[in-house]
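A.B. asks: Have a look at this one before I ask anything.
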Amino acid sequence: VKEKSAIFIIFGGSGDLAHRKLYPSLFRLYKSGFLKDHFAVIGTARRPWSDDYFRETVITSLKDYFDDDEDVMKEFAKHFYYQSHDVNDSEHYIALKNLAAKLDDQFDCGHNRVYYMAIAPRFFGTVAEHINSEGLKTSGYNRLVIEKPFGRDLDSACELNGNISKAFPEDDIYRIDHYLGKEMVQDIPHIRANNPTFEKAMNNKYVSNIQVTLAESLGVEDRGGYYETAGVLRDMVQNHIMQIIGAVASDEPDATDAKVIHQHKCDLFGSLKELTPEQVDKSFVRGQYDTDKLGEKKSYREEDKVASDSEIETFTAGKIEFESKRWSGVPFYVRSGKRLPDKQSRVDIVFNDKVADLGIRANTVVTLLIEQIDGQSILINGINYKDSGQDFIKFPEEAEFNHAREAYESLIIDILSGNRVHFTLWDELRSTWKYIDTIRERWDSQTPEFPNYISGTMGPDAAEMLLERDGNTWIWD
Ligand code: NAD
């Protein structure tokens with residue numbers, strides 16, 4: 001393992017994302033030697049905290065995830081510093097710049113900076129502009145990391161992108177879609193590239209349909225306020241589901257060059273078959289959860305910080321199509337929702353009977369489980385795959401393996417290595433937002449009959465009918 005050197009400036013260093021995801025991931029990288037002596041983390045937030053207090057909060061959250069010796073955590077925490085910061089105050093950026101320069105000397109960090117936006121999205125643009133205008137950038141690398149959501153429709157995404165692009169060149173912008181950090185999603189192109197027969201079958205001659213399901217068993221919990229501004233279409237389909245489709249369906253899965261990989265993904269999303277408003281009614285279903293069968297759980301409208309007449313959808317199922325040589329005519333059925341029977345993230349690739357010509361059993365279904373609660377992924381069916389840097393192994397039927405690396409850990413390694421393969425480019429977001437906006441606009445012009453599904457079931461009946469009309473059925477049912 002080659003040690004990396006950088007100063008992380010985490011905007012929103014006292015927040016939930018920082019404590020639940022970023023600090024534990026940085027700690028794992030510390031334990032595995034990616035981070036060692038030459039790094040420092042500056043946490044910023046509004047509150048006036050001391051370095052010592054900040055370090056305590058970091059150690060406290062690490063204890064939720066690790067049972068290491070506290071001494072190791074304390075050594076790690078010595079690299080953490082705190083700077084109170086208001087996003088609109090220029091003076092505070094100067095203070096941040098001076099602290100970063102001092103720590104760079106102290107820890108010899110090679111003038112590298114990672115600016116991580118773990119704050120509310122409305123601040124992303126302001127902070128990026130100030131980093132630039134107050135001269136925080138150094139002679140090393142200066143990488144800007146942006147969390148989701150990247151806008152709430154095409155217009156707001158364009159505006160946000162305009163603001164950050166004024167301050168950072170595209171090559172230095174790392175837009176996070178944490179599904180791209182999941183090992184199974186990263187493995188999909190490898191699985192395709194290393195199974196020539198499978199890859200040969202991945203087109204409209206042999207594929208009947210492809211199904212992507214991101215199901216959660218929980219409701220909105222304490223995130224009602226955020227969810228009321230989002231809904232599952234924005235929260236899951238525009239980003240995560242589209243990016244999973246990108247891994248499953250892009251051309252040239254054996255490409256290793258980031259530019260080529262992104263180009264193929266852009267081409268794929270550029271070939272999304274646009275919907276007319278009337279087609280939205282036929283191709284997309286929405287739902288909102290009611291209480292469960294026993295009447296014990298809260299319906300969505302009864303949740304905290306949710307309007308009692310909310311029209312926000314907690315479930316959607318839809319049929320996405322592409323106008324490309326490879327995929328035209330193949331429905332991509334997508335589905336995501338809260339309060340479904342189980343937590344599951346999966347891709348089911350359903351082949352037709354012609355696939356027998358290639359020596360694959362007719363009507364085979366290849367299922368890729370992206371994650372399960374315990375972090376294990378199972379790959380059903382006899383194809384080759386790559387597991388965390390090991391050689392390709394042929395599994396006869398059902399393969400199970402432990403994907404031990406956290407999505408954020410792997411994404412941070414990529415950021416430190418300057419590898420943008422697992423981040424989203426603006427062109428991809430533009431195409432996917434444009435597609436999603438048509439659905440959103442249609443929905444916003446109609447009043448849904450909510451709630452329309454019981455908690456703990458597979459969503460509204462219309463989601464089943466969507467496939468039945470085409471003579472298909474959901475594989476996970
Ligand atoms: P949070 O509310 O827990 O934390 C927000 C942070 O921003 C706090 O540290 C707060 O002090 C700081 N802050 C607020 N106003 C500020 C101001 N005016 N000046 C300076 N600092 C200010 O939020 P979070 O859940 O950690 O989310 C942070 C970002 O990450 C958001 O963009 C969110 O959409 C994204 N995100 C979060 C999660 C998650 O699991 N929490 C998952 C995906 C994406």
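Every chain in the structure tokens takes a letter, A first, then B, and so on in the order presented; its residues are numbered from 1, and the ligands are numbered from 1 following the presented order.
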Would you pick out the contacts of A:Ile210 at 12 Å or less, using only C-alpha atoms, so that residues sharing its chain but fewer than 5 positions from it are not included, and give the list as a PyMOL selection string?
C.D. replies: chain A and resi 202-204+244-245+248-249+318-321+327+329-335+346-352+364-368+467+472-476
A.B. asks: Residues within 10 Å of A:Asn142, please, as a list in words. Count only C-alpha atoms; anything in the same chain fewer than 6 positions from it doesn't count.
C.D. replies: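 Once the nearby chain positions are removed, what remains is Ala6, Ile7, His111, Asn112, Arg113, Val114, Tyr115, Ile131, Leu136, Phe168, Pro169, Asp172 and Ile173 of chain A.
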A.B. asks: So, counting only C-alpha atoms and all ligand atoms, which residue among A:His240, A:Lys200, A:Lys305, A:Lys4 is closest to ligand 1?
C.D. replies: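 With only C-alpha atoms and all ligand atoms as the atom set, the closest residue is A:His240.
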A.B. asks: List the spatial neighbours of A:His92 as a PDB file with C-alpha atoms, in the first residue's frame - criterion: any atom at most 12 Å away, only C-alpha atoms, same-chain residues fewer than 5 positions off excluded.
C.D. replies:
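Done, and the output landed in part.pdb:
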```pdb
ATOM      1  CA  PHE A  11     -17.174  21.502   5.144  1.00  0.00           C
ATOM      2  CA  THR A  44     -15.372  23.099   9.604  1.00  0.00           C
ATOM      3  CA  ALA A  45     -18.833  24.015  10.841  1.00  0.00           C
ATOM      4  CA  ARG A  46     -20.487  27.019  12.421  1.00  0.00           C
ATOM      5  CA  GLN A  83     -11.997  25.665  12.247  1.00  0.00           C
ATOM      6  CA  SER A  84     -15.311  27.364  12.868  1.00  0.00           C
ATOM      7  CA  HIS A  85     -16.622  28.664   9.623  1.00  0.00           C
ATOM      8  CA  ASP A  86     -19.581  30.450   8.135  1.00  0.00           C
ATOM      9  CA  VAL A  87     -19.951  29.755   4.443  1.00  0.00           C
ATOM     10  CA  LYS A  97      -6.182  28.801   4.103  1.00  0.00           C
ATOM     11  CA  ASN A  98      -3.628  29.735   6.769  1.00  0.00           C
ATOM     12  CA  LEU A  99      -4.443  26.710   8.900  1.00  0.00           C
ATOM     13  CA  VAL A 127     -18.206  27.442  -0.857  1.00  0.00           C
ATOM     14  CA  HIS A 130     -14.974  31.272  -2.067  1.00  0.00           C
ATOM     15  CA  ILE A 131     -12.307  28.564  -2.190  1.00  0.00           C
ATOM     16  CA  GLU A 134     -10.007  33.660  -1.443  1.00  0.00           C
ATOM     17  CA  LEU A 136      -7.169  28.580  -1.099  1.00  0.00           C
TER      18      LEU A 136
END
```
A.B. asks: If we count only C-alpha atoms, what is near A:Gly15 at a cut-off of 12 Å, once residues fewer than 5 positions away on the same chain are taken out, given as a VMD selection string?
C.D. replies: chain A and resid 10 20 to 23 43 to 47 54 57 to 58 61 117 to 120
A.B. asks: Restricting the output to C-alpha atoms, write the selected residues as an mmCIF file, in the first residue's frame.
C.D. replies:
```
data_model
loop_
_atom_site.group_PDB
_atom_site.id
_atom_site.type_symbol
_atom_site.label_atom_id
_atom_site.label_comp_id
_atom_site.auth_asym_id
_atom_site.auth_seq_id
_atom_site.Cartn_x
_atom_site.Cartn_y
_atom_site.Cartn_z
ATOM 1 C CA ILE A 10 -14.442 18.890 5.328
ATOM 2 C CA ARG A 20 -21.233 8.194 10.031
ATOM 3 C CA LYS A 21 -19.392 7.753 6.756
ATOM 4 C CA LEU A 22 -16.328 9.945 6.263
ATOM 5 C CA TYR A 23 -14.469 9.583 9.565
ATOM 6 C CA GLY A 43 -13.340 19.947 10.039
ATOM 7 C CA THR A 44 -15.372 23.099 9.604
ATOM 8 C CA ALA A 45 -18.833 24.015 10.841
ATOM 9 C CA ARG A 46 -20.487 27.019 12.421
ATOM 10 C CA ARG A 47 -20.097 26.083 16.042
ATOM 11 C CA PHE A 54 -13.639 17.941 17.688
ATOM 12 C CA THR A 57 -16.499 13.728 18.661
ATOM 13 C CA VAL A 58 -14.525 11.865 16.003
ATOM 14 C CA SER A 61 -18.302 8.082 16.434
ATOM 15 C CA MET A 117 -18.811 19.338 0.652
ATOM 16 C CA ALA A 118 -20.577 17.581 3.534
ATOM 17 C CA ILE A 119 -22.946 20.531 3.931
ATOM 18 C CA ALA A 120 -26.416 21.391 2.677
#
```
A.B. asks: With only C-alpha atoms and all ligand atoms as the atoms that count, which of A:Lys74, A:Ala307, A:Tyr408, A:Asp104 lies nearest to ligand 1?
C.D. replies: A:Tyr408
A.B. asks: From the options A:Val306, A:Ala356, A:Met242, A:Met458, which residue's atoms come nearest to A:Ala230, counting only C-alpha atoms?
C.D. replies: A:Val306
A.B. asks: In Å, rounded to a single decimal, give me how far atom CA of A:Tyr289 is from atom CA of A:Ser156.
C.D. replies: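 Spanning atom CA of A:Ser156 to atom CA of A:Tyr289 is a straight-line distance of 28.2 Å.
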A.B. asks: From the set A:Lys166, A:Arg361, A:Arg223, A:Lys36, which residue has the shortest atom-to-atom contact distance to ligand 1, counting only C-alpha atoms and all ligand atoms?
C.D. replies: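 Of A:Lys166, A:Arg361, A:Arg223, A:Lys36, the one nearest ligand 1 is A:Arg223, counting only C-alpha atoms and all ligand atoms.
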A.B. asks: Just the residues within 6 Å of A:Phe322, please, counting only C-alpha atoms, with nothing from its chain fewer than 6 positions along; format it as a ChimeraX atom specification.
C.D. replies: /A:271-273,328
A.B. asks: Neighbours of A:Thr197 within 10 Å (only C-alpha atoms; same-chain residues fewer than 4 positions away dropped), as a list in words?
C.D. replies: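 These residues fall inside the cut-off: Arg192, Ala193, Ala201, Met202, Val355, Leu358, Gly359, Ile360 and Ile383 of chain A.
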A.B. asks: Write down as a PyMOL selection string the residues belonging to stretch 188-292 of chain A that are assigned strand (DSSP E) by DSSP computed on the backbone.
C.D. replies: chain A and resi 207-215+284-287+289-292
A.B. asks: Give me the residues near A:Ser310 as number ranges by chain, where near means some atom within 12 Å (using only C-alpha atoms) and where sequence neighbours in that chain fewer than 5 positions away do not count.
C.D. replies: A: 224-225, 227-231, 287-289, 299-305, 444, 447-451
A.B. asks: Quick check, in Å to one decimal: how far apart do atom 26 (O, counted along the ligand's line) of ligand 1 and atom CA of A:His178 lie?
C.D. replies: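 Separation of atom 26 (O, counted along the ligand's line) of ligand 1 and atom CA of A:His178: 14.2 Å.
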